[in-house]
Protein chains: 2
Amino acid sequence: MINENTNSINPTALLPADEAFGLVIKEVENAIAKAPRVVRQYTAHLLSSRGKYIRASSLITCGQNEEGLVHPNTVKLAAAVEVLHLATLVHDDVIDDADLRRGEMTLQKKYGKRTAVICGDYLLCTSLVLAASISEKEKYLNLTLPDYAGKICAGELEQHINNFNLDLSIYQYLKIISGKTAALFEASFYAGAVLAGYDRKECNRYRRLGFYVGMIFQLTDDLMDFESTKEISLKPVQSDYEQGVITLPLIHTLKNMVDFRQKAEKKDITRQEINTAVKHSGGLVFTKQIVDKYYKKAIKVINELSLDSVKKAKLTEVLNKASRLG
Amino acid sequence: MINENTNSINPTALLPADEAFGLVIKEVENAIAKAPRVVRQYTAHLLSSRGKYIRASSLITCGQNEEGLVHPNTVKLAAAVEVLHLATLVHDDVIDDADLRRGEMTLQKKYGKRTAVICGDYLLCTSLVLAASISEKEKYLNLTLPDYAGKICAGELEQHINNFNLDLSIYQYLKIISGKTAALFEASFYAGAVLAGYDRKECNRYRRLGFYVGMIFQLTDDLMDFESTKEISLKPVQSDYEQGVITLPLIHTLKNMVDFRQKAEKKDITRQEINTAVKHSGGLVFTKQIVDKYYKKAIKVINELSLDSVKKAKLTEVLNKASRLG
């Protein structure tokens with residue numbers, strides 16, 4: 001239980017936000033470089049294909065003061081959040097042997113599924129070790145990442161249990177993604193606000209903003225699954241539906257197109273047919289309306305926050321990135 | 001990040017060790033009862049077949065004072081350690097489709113492997129949330145369970161990478177189990193000592209004792225895999241070797257029986273042949289000698305500790321349980 005994490009950053013001097021962001025990337029790379037070789041192999045393709053670090057950038061944005069400076073602890077926590085996200089990607093990659101189509105399966109074939117599972121576990125632990133490596137921990141005892149990690153798991157579980165459940169309701173779906181995706185955004189926004197030293201009420205506003213941003217991020221992702229081709233989305237060949245994941249545009253379509261629903265029950269349906277049905281039934285428009293509702297709520301919270309214009313612009317930028325507008 | 005863990009125990013009044021042990025079992029059951037239904041289903045067969053709670057009982061034993069009383073935080077941490085162990089069992093249960101023989105596979109077949117993976121993740125998070133729910137956290141900032149969880153993962157990974165590696169050395173094997181198994185014993189003994197309020201030097205003695213007890217526990221388990229039948233060991237049908245796990249008795253045999261090694265390379269070998277070879281080559285005797293070395297080291301540490309005779313007897317009992325002597 002001795003913390004071996006050597007902190008090369010001056011633990012008290014505030015940092016410019018841009019510099020902090022660069023250090024997060026280094027911290028994540030460093031954490032992975034120290035991992036066993038097989039973990040590095042597993043994460044290589046995931047690291048190369050993500051890039052955005054939107055959770056880290058949210059945390060840093062929320063954590064900055066009027067001079068655009070952040071506490072060095074934001075680097076550790078932002079890195080922890082990104083490594084946690086990486087852990088969920090690795091575990092999401094553990095797939096049944098029936099789905100041997102994807103290129104990344106070679107490592108799973110080589111080492112077996114258990115290895116993939118434990119790689120993800122290792123990253124989850126690494127994330128929590130990073131979070132525990134912040135300085136002046138006694139000040140931040142209410143920042144408990146495992147709670148949020150647990151919410152992510154509960155959301156993911158609910159999703160897997162409802163695989164191919166054509167009766168999934170809108171409410172159930174929004175609850176699933178509030179855990180699966182929004183929880184980590186909530187945690188990032190909240191952690192940033194706590195590190196910036198805001199009072200409880202203000203911190204809770206940031207948390208709520210994180211929730212809205214997370215919901216928008218996921219719903220926009222869902223839309224992209226129907227809208228874009230493989231080349232554009234850089235997603236694997238399988239669509240959400242092919243993996244059994246029923247998302248909001250499809251839920252709307254299943255409710256409103258009786259003949260489509262009957263075909264779906266028989267699993268007699270191609271990807272092209274799904275995309276067309278979702279488009280024509282108004283599934284995309286409906287989902288965009290929900291995104292819009294969350295977007296308006298997010299803007300309202302941003303306006304409630306005590307912000308200078310620079311930070312306000314930056315938070316709006318994060319919101320627009322989540323909506324794929326930025 | 002609000003801790004919803006309601007603490008029914010008076011957070012300051014010391015508890016008799018026996019009572020604390022009963023509360024740990026309740027705390028674990030309670031944590032699982034609050035989990036999503038699918039997690040409860042996955043854990044049901046694991047909970048029914050384990051019973052011993054040796055890690056919890058180690059932690060409580062190490063944590064007790066001269067009057068046999070423990071701090072209420074020992075209950076939380078002991079429960080955290082047991083739930084963490086349970087999480088590792090769930091992930092260990094994620095197996096490749098080639099191994100569909102085991103009864104417990106039905107749930108994995110029903111929900112898919114990812115669900116099993118996330119069940120384990122959920123338990124891992126639950127464990128860390130429990131650990132974070134201790135009172136007066138600011139006193140125990142050096143008690144970081146994720147470090148140990150990370151060591152367990154690194155050990156497990158090393159083991160999986162070396163599946164069917166007939167060249168695995170004794171040194172490599174001992175390193176693997178020092179992570180895979182001994183790390184959690186180390187953590188349990190250390191946490192108990194910290195909660196009992198011992199100084200740094202004494203706490204490190206307890207940690208070392210935990211390491212020896214963990215090594216003995218695993219090596220004795222390895223021996224039992226060759227010695228007992230399914231009925232006695234309550235293990236699944238597959239032996240360690242059938243799962244590709246090369247343990248110490250077999251390492252010794254592979255080194256010393258050239259013809260056996262050649263057969264093993266061709267995978268032309270039955271379980272009965274392995275058991276006979278390991279017995280006749282002295283693989284069991286050799287492993288017992290190693291166990292004996294650790295046992296002697298453990299006794300030496302127990303004698304170095306500042307102990308009353310009651311606690312000494314209890315620690316010896318834990319040691320004997322790990323050696324399956326008690």
# chains A, B, ... in the order shown; residues from 1 in each chain; ligands from 1
>>> closest_atom_pairs(of="chain B", to="chain A", cutoff="8 Å", atoms="only C-alpha atoms", output="CSV")
residue,atom,partner,partner_atom,distance
B:Met1,CA,A:Thr144,CA,5.6
B:Ile2,CA,A:Asn142,CA,6.9
B:Asn3,CA,A:Asp147,CA,7.7
B:Pro36,CA,A:Ala154,CA,6.9
B:Val38,CA,A:Leu157,CA,7.8
B:His91,CA,A:Val117,CA,6.9
B:Asp92,CA,A:Arg114,CA,6.7
B:Val94,CA,A:Arg114,CA,6.0
B:Ile95,CA,A:Arg114,CA,6.4
B:Asp96,CA,A:Lys113,CA,6.2
B:Asp97,CA,A:Asp97,CA,6.8
B:Tyr111,CA,A:Ile161,CA,6.5
B:Gly112,CA,A:Asp96,CA,6.7
B:Lys113,CA,A:Asp96,CA,6.2
B:Arg114,CA,A:Val94,CA,6.0
B:Thr115,CA,A:Leu157,CA,6.0
B:Val117,CA,A:Val117,CA,6.7
B:Ile118,CA,A:Cys153,CA,5.9
B:Cys119,CA,A:Leu157,CA,7.2
B:Asp121,CA,A:Cys153,CA,6.5
B:Tyr122,CA,A:Cys153,CA,5.3
B:Cys125,CA,A:Gly150,CA,5.2
B:Thr126,CA,A:Gly150,CA,6.6
B:Leu128,CA,A:Pro146,CA,6.0
B:Val129,CA,A:Pro146,CA,5.6
B:Ala132,CA,A:Thr144,CA,7.4
B:Lys137,CA,A:Leu141,CA,7.5
B:Glu138,CA,A:Glu138,CA,5.4
B:Leu141,CA,A:Lys137,CA,7.5
B:Asn142,CA,A:Met1,CA,6.2
B:Leu143,CA,A:Met1,CA,5.8
B:Thr144,CA,A:Met1,CA,5.5
B:Leu145,CA,A:Met1,CA,7.1
B:Pro146,CA,A:Cys125,CA,5.2
B:Asp147,CA,A:Val129,CA,6.1
B:Tyr148,CA,A:Met1,CA,7.0
B:Ala149,CA,A:Cys125,CA,6.3
B:Gly150,CA,A:Cys125,CA,5.2
B:Cys153,CA,A:Tyr122,CA,5.4
B:Ala154,CA,A:Tyr122,CA,6.9
B:Glu156,CA,A:Ile118,CA,7.2
B:Leu157,CA,A:Thr115,CA,6.0
B:His160,CA,A:Thr115,CA,6.1
B:Ile161,CA,A:Tyr111,CA,6.5
B:Ala187,CA,A:Met1,CA,7.6
>>> select_by_dssp(residues="region 126-316 of chain A", states="helix (DSSP H, G or I)", output="PyMOL selection string")
chain A and resi 126-132+137-140+145-161+170-196+200-227+230-233+241-243+248-256+258-265+271-280+283-304+309-316
>>> closest_residue(among="A:Pro72, A:Pro16, A:Gly22, A:Gly63", to="Ala193 (chain A)", atoms="only C-alpha atoms")
A:Gly63
>>> residues_around(residues="Val213 (chain B)", least_positions_apart="6", cutoff="9 Å", atoms="only C-alpha atoms", output="ChimeraX atom specification")
/B:182,185-186,294-295,298,318-320,322-323
>>> write_last_selection(atoms="all heavy atoms", output="PDB file, in the first residue's frame")
ATOM      1  N   ALA B 182      -1.121 -14.090  -2.977  1.00  0.00           N
ATOM      2  CA  ALA B 182      -0.557 -13.582  -1.719  1.00  0.00           C
ATOM      3  C   ALA B 182      -0.848 -12.094  -1.515  1.00  0.00           C
ATOM      4  O   ALA B 182      -0.972 -11.643  -0.374  1.00  0.00           O
ATOM      5  CB  ALA B 182       0.946 -13.853  -1.673  1.00  0.00           C
ATOM      6  N   PHE B 185      -3.840 -11.449   0.676  1.00  0.00           N
ATOM      7  CA  PHE B 185      -3.544 -11.814   2.079  1.00  0.00           C
ATOM      8  C   PHE B 185      -2.676 -10.727   2.719  1.00  0.00           C
ATOM      9  O   PHE B 185      -2.917 -10.321   3.845  1.00  0.00           O
ATOM     10  CB  PHE B 185      -2.850 -13.183   2.140  1.00  0.00           C
ATOM     11  CG  PHE B 185      -3.807 -14.341   2.041  1.00  0.00           C
ATOM     12  CD1 PHE B 185      -4.166 -14.855   0.809  1.00  0.00           C
ATOM     13  CD2 PHE B 185      -4.360 -14.909   3.175  1.00  0.00           C
ATOM     14  CE1 PHE B 185      -5.053 -15.913   0.707  1.00  0.00           C
ATOM     15  CE2 PHE B 185      -5.251 -15.973   3.087  1.00  0.00           C
ATOM     16  CZ  PHE B 185      -5.602 -16.477   1.846  1.00  0.00           C
ATOM     17  N   GLU B 186      -1.668 -10.292   1.976  1.00  0.00           N
ATOM     18  CA  GLU B 186      -0.826  -9.188   2.452  1.00  0.00           C
ATOM     19  C   GLU B 186      -1.687  -7.986   2.830  1.00  0.00           C
ATOM     20  O   GLU B 186      -1.539  -7.409   3.910  1.00  0.00           O
ATOM     21  CB  GLU B 186       0.076  -8.729   1.310  1.00  0.00           C
ATOM     22  CG  GLU B 186       1.492  -9.224   1.351  1.00  0.00           C
ATOM     23  CD  GLU B 186       2.316  -8.513   0.270  1.00  0.00           C
ATOM     24  OE1 GLU B 186       2.796  -7.389   0.514  1.00  0.00           O
ATOM     25  OE2 GLU B 186       2.433  -9.104  -0.811  1.00  0.00           O
ATOM     26  N   TYR B 294       8.032 -21.607   3.911  1.00  0.00           N
ATOM     27  CA  TYR B 294       7.191 -20.429   4.189  1.00  0.00           C
ATOM     28  C   TYR B 294       6.563 -20.541   5.580  1.00  0.00           C
ATOM     29  O   TYR B 294       6.431 -19.547   6.287  1.00  0.00           O
ATOM     30  CB  TYR B 294       6.095 -20.268   3.121  1.00  0.00           C
ATOM     31  CG  TYR B 294       6.601 -19.708   1.814  1.00  0.00           C
ATOM     32  CD1 TYR B 294       6.535 -20.441   0.628  1.00  0.00           C
ATOM     33  CD2 TYR B 294       7.141 -18.420   1.748  1.00  0.00           C
ATOM     34  CE1 TYR B 294       6.996 -19.919  -0.572  1.00  0.00           C
ATOM     35  CE2 TYR B 294       7.611 -17.891   0.554  1.00  0.00           C
ATOM     36  CZ  TYR B 294       7.532 -18.643  -0.599  1.00  0.00           C
ATOM     37  OH  TYR B 294       7.995 -18.123  -1.794  1.00  0.00           O
ATOM     38  N   TYR B 295       6.184 -21.752   5.961  1.00  0.00           N
ATOM     39  CA  TYR B 295       5.573 -21.959   7.272  1.00  0.00           C
ATOM     40  C   TYR B 295       6.543 -21.556   8.381  1.00  0.00           C
ATOM     41  O   TYR B 295       6.178 -20.849   9.316  1.00  0.00           O
ATOM     42  CB  TYR B 295       5.157 -23.429   7.422  1.00  0.00           C
ATOM     43  CG  TYR B 295       4.274 -23.681   8.623  1.00  0.00           C
ATOM     44  CD1 TYR B 295       2.885 -23.606   8.510  1.00  0.00           C
ATOM     45  CD2 TYR B 295       4.819 -24.005   9.872  1.00  0.00           C
ATOM     46  CE1 TYR B 295       2.060 -23.846   9.612  1.00  0.00           C
ATOM     47  CE2 TYR B 295       4.011 -24.231  10.973  1.00  0.00           C
ATOM     48  CZ  TYR B 295       2.621 -24.156  10.835  1.00  0.00           C
ATOM     49  OH  TYR B 295       1.814 -24.387  11.927  1.00  0.00           O
ATOM     50  N   ALA B 298       6.836 -17.892   8.552  1.00  0.00           N
ATOM     51  CA  ALA B 298       5.633 -17.310   9.163  1.00  0.00           C
ATOM     52  C   ALA B 298       5.703 -17.420  10.684  1.00  0.00           C
ATOM     53  O   ALA B 298       5.422 -16.461  11.407  1.00  0.00           O
ATOM     54  CB  ALA B 298       4.389 -18.003   8.618  1.00  0.00           C
ATOM     55  N   VAL B 318      -4.943 -19.164  11.961  1.00  0.00           N
ATOM     56  CA  VAL B 318      -5.114 -18.693  10.581  1.00  0.00           C
ATOM     57  C   VAL B 318      -4.051 -19.345   9.687  1.00  0.00           C
ATOM     58  O   VAL B 318      -4.342 -19.851   8.597  1.00  0.00           O
ATOM     59  CB  VAL B 318      -5.012 -17.151  10.492  1.00  0.00           C
ATOM     60  CG1 VAL B 318      -4.911 -16.683   9.033  1.00  0.00           C
ATOM     61  CG2 VAL B 318      -6.215 -16.491  11.151  1.00  0.00           C
ATOM     62  N   LEU B 319      -2.821 -19.345  10.168  1.00  0.00           N
ATOM     63  CA  LEU B 319      -1.711 -19.962   9.428  1.00  0.00           C
ATOM     64  C   LEU B 319      -1.995 -21.439   9.150  1.00  0.00           C
ATOM     65  O   LEU B 319      -1.787 -21.926   8.029  1.00  0.00           O
ATOM     66  CB  LEU B 319      -0.418 -19.782  10.235  1.00  0.00           C
ATOM     67  CG  LEU B 319       0.831 -20.500   9.754  1.00  0.00           C
ATOM     68  CD1 LEU B 319       1.229 -20.036   8.348  1.00  0.00           C
ATOM     69  CD2 LEU B 319       1.997 -20.260  10.724  1.00  0.00           C
ATOM     70  N   ASN B 320      -2.502 -22.128  10.155  1.00  0.00           N
ATOM     71  CA  ASN B 320      -2.788 -23.555   9.986  1.00  0.00           C
ATOM     72  C   ASN B 320      -3.963 -23.789   9.044  1.00  0.00           C
ATOM     73  O   ASN B 320      -3.985 -24.773   8.307  1.00  0.00           O
ATOM     74  CB  ASN B 320      -3.045 -24.216  11.347  1.00  0.00           C
ATOM     75  CG  ASN B 320      -1.753 -24.350  12.142  1.00  0.00           C
ATOM     76  OD1 ASN B 320      -0.656 -24.319  11.564  1.00  0.00           O
ATOM     77  ND2 ASN B 320      -1.867 -24.479  13.450  1.00  0.00           N
ATOM     78  N   ALA B 322      -4.624 -21.908   6.483  1.00  0.00           N
ATOM     79  CA  ALA B 322      -4.063 -21.709   5.138  1.00  0.00           C
ATOM     80  C   ALA B 322      -3.300 -22.945   4.694  1.00  0.00           C
ATOM     81  O   ALA B 322      -3.282 -23.306   3.521  1.00  0.00           O
ATOM     82  CB  ALA B 322      -3.150 -20.486   5.119  1.00  0.00           C
ATOM     83  N   SER B 323      -2.675 -23.634   5.651  1.00  0.00           N
ATOM     84  CA  SER B 323      -1.931 -24.861   5.353  1.00  0.00           C
ATOM     85  C   SER B 323      -2.847 -26.069   5.338  1.00  0.00           C
ATOM     86  O   SER B 323      -2.385 -27.190   5.184  1.00  0.00           O
ATOM     87  CB  SER B 323      -0.849 -25.101   6.414  1.00  0.00           C
ATOM     88  OG  SER B 323      -0.260 -23.912   6.843  1.00  0.00           O
TER      89      SER B 323
END
>>> closest_residue(among="A:Thr287, A:Tyr241, A:Ala17, A:Leu250", to="Thr270 (chain A)", atoms="only C-alpha atoms")
A:Tyr241
>>> residues_around(residues="Glu202 (chain A)", least_positions_apart="2", cutoff="10 Å", atoms="only C-alpha atoms", output="JSON, numbers by chain")
{"A": [190, 193, 194, 197, 198, 199, 200, 204, 205, 206, 207, 208, 304, 305, 306]}
>>> residues_around(residues="Glu29 (chain B)", least_positions_apart="6", cutoff="10 Å", atoms="only C-alpha atoms", output="number ranges by chain")
B: 23, 35, 40, 47, 79, 83
>>> decode(residues="region 245-258 of chain A", atoms="all heavy atoms", output="PDB file, in the first residue's frame")
ATOM      1  N   VAL A 245     -27.626  -4.210 -29.375  1.00  0.00           N
ATOM      2  CA  VAL A 245     -27.864  -2.983 -28.619  1.00  0.00           C
ATOM      3  C   VAL A 245     -28.979  -2.177 -29.292  1.00  0.00           C
ATOM      4  O   VAL A 245     -28.861  -1.777 -30.446  1.00  0.00           O
ATOM      5  CB  VAL A 245     -26.576  -2.132 -28.517  1.00  0.00           C
ATOM      6  CG1 VAL A 245     -26.844  -0.848 -27.752  1.00  0.00           C
ATOM      7  CG2 VAL A 245     -25.469  -2.931 -27.853  1.00  0.00           C
ATOM      8  N   ILE A 246     -30.059  -1.999 -28.555  1.00  0.00           N
ATOM      9  CA  ILE A 246     -31.206  -1.249 -29.080  1.00  0.00           C
ATOM     10  C   ILE A 246     -31.074   0.190 -28.572  1.00  0.00           C
ATOM     11  O   ILE A 246     -31.135   0.424 -27.372  1.00  0.00           O
ATOM     12  CB  ILE A 246     -32.527  -1.855 -28.558  1.00  0.00           C
ATOM     13  CG1 ILE A 246     -32.539  -3.378 -28.661  1.00  0.00           C
ATOM     14  CG2 ILE A 246     -33.733  -1.210 -29.226  1.00  0.00           C
ATOM     15  CD1 ILE A 246     -32.815  -3.942 -30.011  1.00  0.00           C
ATOM     16  N   THR A 247     -30.889   1.134 -29.485  1.00  0.00           N
ATOM     17  CA  THR A 247     -30.714   2.530 -29.053  1.00  0.00           C
ATOM     18  C   THR A 247     -31.969   3.351 -29.342  1.00  0.00           C
ATOM     19  O   THR A 247     -32.914   2.862 -29.979  1.00  0.00           O
ATOM     20  CB  THR A 247     -29.483   3.158 -29.742  1.00  0.00           C
ATOM     21  OG1 THR A 247     -29.706   3.148 -31.152  1.00  0.00           O
ATOM     22  CG2 THR A 247     -28.212   2.398 -29.399  1.00  0.00           C
ATOM     23  N   LEU A 248     -31.966   4.576 -28.890  1.00  0.00           N
ATOM     24  CA  LEU A 248     -33.172   5.402 -28.929  1.00  0.00           C
ATOM     25  C   LEU A 248     -33.828   5.541 -30.313  1.00  0.00           C
ATOM     26  O   LEU A 248     -35.053   5.388 -30.423  1.00  0.00           O
ATOM     27  CB  LEU A 248     -32.876   6.784 -28.318  1.00  0.00           C
ATOM     28  CG  LEU A 248     -34.107   7.619 -27.972  1.00  0.00           C
ATOM     29  CD1 LEU A 248     -35.043   6.862 -27.029  1.00  0.00           C
ATOM     30  CD2 LEU A 248     -33.700   8.937 -27.329  1.00  0.00           C
ATOM     31  N   PRO A 249     -33.053   5.802 -31.373  1.00  0.00           N
ATOM     32  CA  PRO A 249     -33.721   5.940 -32.679  1.00  0.00           C
ATOM     33  C   PRO A 249     -34.511   4.674 -33.046  1.00  0.00           C
ATOM     34  O   PRO A 249     -35.619   4.753 -33.567  1.00  0.00           O
ATOM     35  CB  PRO A 249     -32.552   6.154 -33.652  1.00  0.00           C
ATOM     36  CG  PRO A 249     -31.442   6.690 -32.811  1.00  0.00           C
ATOM     37  CD  PRO A 249     -31.597   6.044 -31.473  1.00  0.00           C
ATOM     38  N   LEU A 250     -33.932   3.526 -32.716  1.00  0.00           N
ATOM     39  CA  LEU A 250     -34.576   2.256 -33.041  1.00  0.00           C
ATOM     40  C   LEU A 250     -35.793   2.008 -32.135  1.00  0.00           C
ATOM     41  O   LEU A 250     -36.819   1.481 -32.593  1.00  0.00           O
ATOM     42  CB  LEU A 250     -33.557   1.115 -32.905  1.00  0.00           C
ATOM     43  CG  LEU A 250     -33.985  -0.242 -33.450  1.00  0.00           C
ATOM     44  CD1 LEU A 250     -34.410  -0.145 -34.914  1.00  0.00           C
ATOM     45  CD2 LEU A 250     -32.849  -1.250 -33.320  1.00  0.00           C
ATOM     46  N   ILE A 251     -35.686   2.377 -30.871  1.00  0.00           N
ATOM     47  CA  ILE A 251     -36.816   2.215 -29.944  1.00  0.00           C
ATOM     48  C   ILE A 251     -38.028   2.971 -30.495  1.00  0.00           C
ATOM     49  O   ILE A 251     -39.147   2.441 -30.532  1.00  0.00           O
ATOM     50  CB  ILE A 251     -36.443   2.733 -28.530  1.00  0.00           C
ATOM     51  CG1 ILE A 251     -35.417   1.796 -27.884  1.00  0.00           C
ATOM     52  CG2 ILE A 251     -37.688   2.838 -27.632  1.00  0.00           C
ATOM     53  CD1 ILE A 251     -34.819   2.326 -26.599  1.00  0.00           C
ATOM     54  N   HIS A 252     -37.773   4.183 -30.944  1.00  0.00           N
ATOM     55  CA  HIS A 252     -38.855   4.999 -31.508  1.00  0.00           C
ATOM     56  C   HIS A 252     -39.452   4.322 -32.741  1.00  0.00           C
ATOM     57  O   HIS A 252     -40.675   4.264 -32.908  1.00  0.00           O
ATOM     58  CB  HIS A 252     -38.306   6.389 -31.859  1.00  0.00           C
ATOM     59  CG  HIS A 252     -39.347   7.320 -32.395  1.00  0.00           C
ATOM     60  ND1 HIS A 252     -39.661   7.400 -33.736  1.00  0.00           N
ATOM     61  CD2 HIS A 252     -40.171   8.188 -31.762  1.00  0.00           C
ATOM     62  CE1 HIS A 252     -40.613   8.298 -33.907  1.00  0.00           C
ATOM     63  NE2 HIS A 252     -40.942   8.791 -32.725  1.00  0.00           N
ATOM     64  N   THR A 253     -38.601   3.793 -33.584  1.00  0.00           N
ATOM     65  CA  THR A 253     -39.053   3.148 -34.818  1.00  0.00           C
ATOM     66  C   THR A 253     -39.869   1.883 -34.524  1.00  0.00           C
ATOM     67  O   THR A 253     -40.914   1.646 -35.119  1.00  0.00           O
ATOM     68  CB  THR A 253     -37.829   2.801 -35.696  1.00  0.00           C
ATOM     69  OG1 THR A 253     -37.056   3.992 -35.858  1.00  0.00           O
ATOM     70  CG2 THR A 253     -38.247   2.266 -37.045  1.00  0.00           C
ATOM     71  N   LEU A 254     -39.382   1.080 -33.576  1.00  0.00           N
ATOM     72  CA  LEU A 254     -40.076  -0.166 -33.211  1.00  0.00           C
ATOM     73  C   LEU A 254     -41.474   0.125 -32.666  1.00  0.00           C
ATOM     74  O   LEU A 254     -42.407  -0.650 -32.855  1.00  0.00           O
ATOM     75  CB  LEU A 254     -39.261  -0.944 -32.168  1.00  0.00           C
ATOM     76  CG  LEU A 254     -37.984  -1.620 -32.679  1.00  0.00           C
ATOM     77  CD1 LEU A 254     -37.087  -2.032 -31.525  1.00  0.00           C
ATOM     78  CD2 LEU A 254     -38.326  -2.833 -33.540  1.00  0.00           C
ATOM     79  N   LYS A 255     -41.591   1.257 -31.980  1.00  0.00           N
ATOM     80  CA  LYS A 255     -42.891   1.634 -31.416  1.00  0.00           C
ATOM     81  C   LYS A 255     -43.874   2.097 -32.496  1.00  0.00           C
ATOM     82  O   LYS A 255     -45.079   1.961 -32.345  1.00  0.00           O
ATOM     83  CB  LYS A 255     -42.700   2.783 -30.403  1.00  0.00           C
ATOM     84  CG  LYS A 255     -42.502   2.310 -28.977  1.00  0.00           C
ATOM     85  CD  LYS A 255     -42.250   3.455 -28.040  1.00  0.00           C
ATOM     86  CE  LYS A 255     -43.525   4.175 -27.637  1.00  0.00           C
ATOM     87  NZ  LYS A 255     -43.251   5.232 -26.636  1.00  0.00           N
ATOM     88  N   ASN A 256     -43.306   2.667 -33.557  1.00  0.00           N
ATOM     89  CA  ASN A 256     -44.176   3.342 -34.521  1.00  0.00           C
ATOM     90  C   ASN A 256     -44.369   2.628 -35.858  1.00  0.00           C
ATOM     91  O   ASN A 256     -45.214   3.023 -36.644  1.00  0.00           O
ATOM     92  CB  ASN A 256     -43.661   4.769 -34.767  1.00  0.00           C
ATOM     93  CG  ASN A 256     -43.854   5.638 -33.533  1.00  0.00           C
ATOM     94  OD1 ASN A 256     -44.970   5.979 -33.186  1.00  0.00           O
ATOM     95  ND2 ASN A 256     -42.760   5.940 -32.850  1.00  0.00           N
ATOM     96  N   MET A 257     -43.577   1.598 -36.122  1.00  0.00           N
ATOM     97  CA  MET A 257     -43.740   0.872 -37.397  1.00  0.00           C
ATOM     98  C   MET A 257     -44.031  -0.601 -37.114  1.00  0.00           C
ATOM     99  O   MET A 257     -43.106  -1.397 -36.881  1.00  0.00           O
ATOM    100  CB  MET A 257     -42.465   0.997 -38.243  1.00  0.00           C
ATOM    101  CG  MET A 257     -42.318   2.351 -38.931  1.00  0.00           C
ATOM    102  SD  MET A 257     -40.782   2.394 -39.894  1.00  0.00           S
ATOM    103  CE  MET A 257     -41.284   1.497 -41.377  1.00  0.00           C
ATOM    104  N   VAL A 258     -45.309  -0.955 -37.170  1.00  0.00           N
ATOM    105  CA  VAL A 258     -45.732  -2.305 -36.799  1.00  0.00           C
ATOM    106  C   VAL A 258     -45.079  -3.380 -37.680  1.00  0.00           C
ATOM    107  O   VAL A 258     -44.573  -4.393 -37.182  1.00  0.00           O
ATOM    108  CB  VAL A 258     -47.274  -2.423 -36.854  1.00  0.00           C
ATOM    109  CG1 VAL A 258     -47.716  -3.837 -36.472  1.00  0.00           C
ATOM    110  CG2 VAL A 258     -47.906  -1.405 -35.922  1.00  0.00           C
TER     111      VAL A 258
END
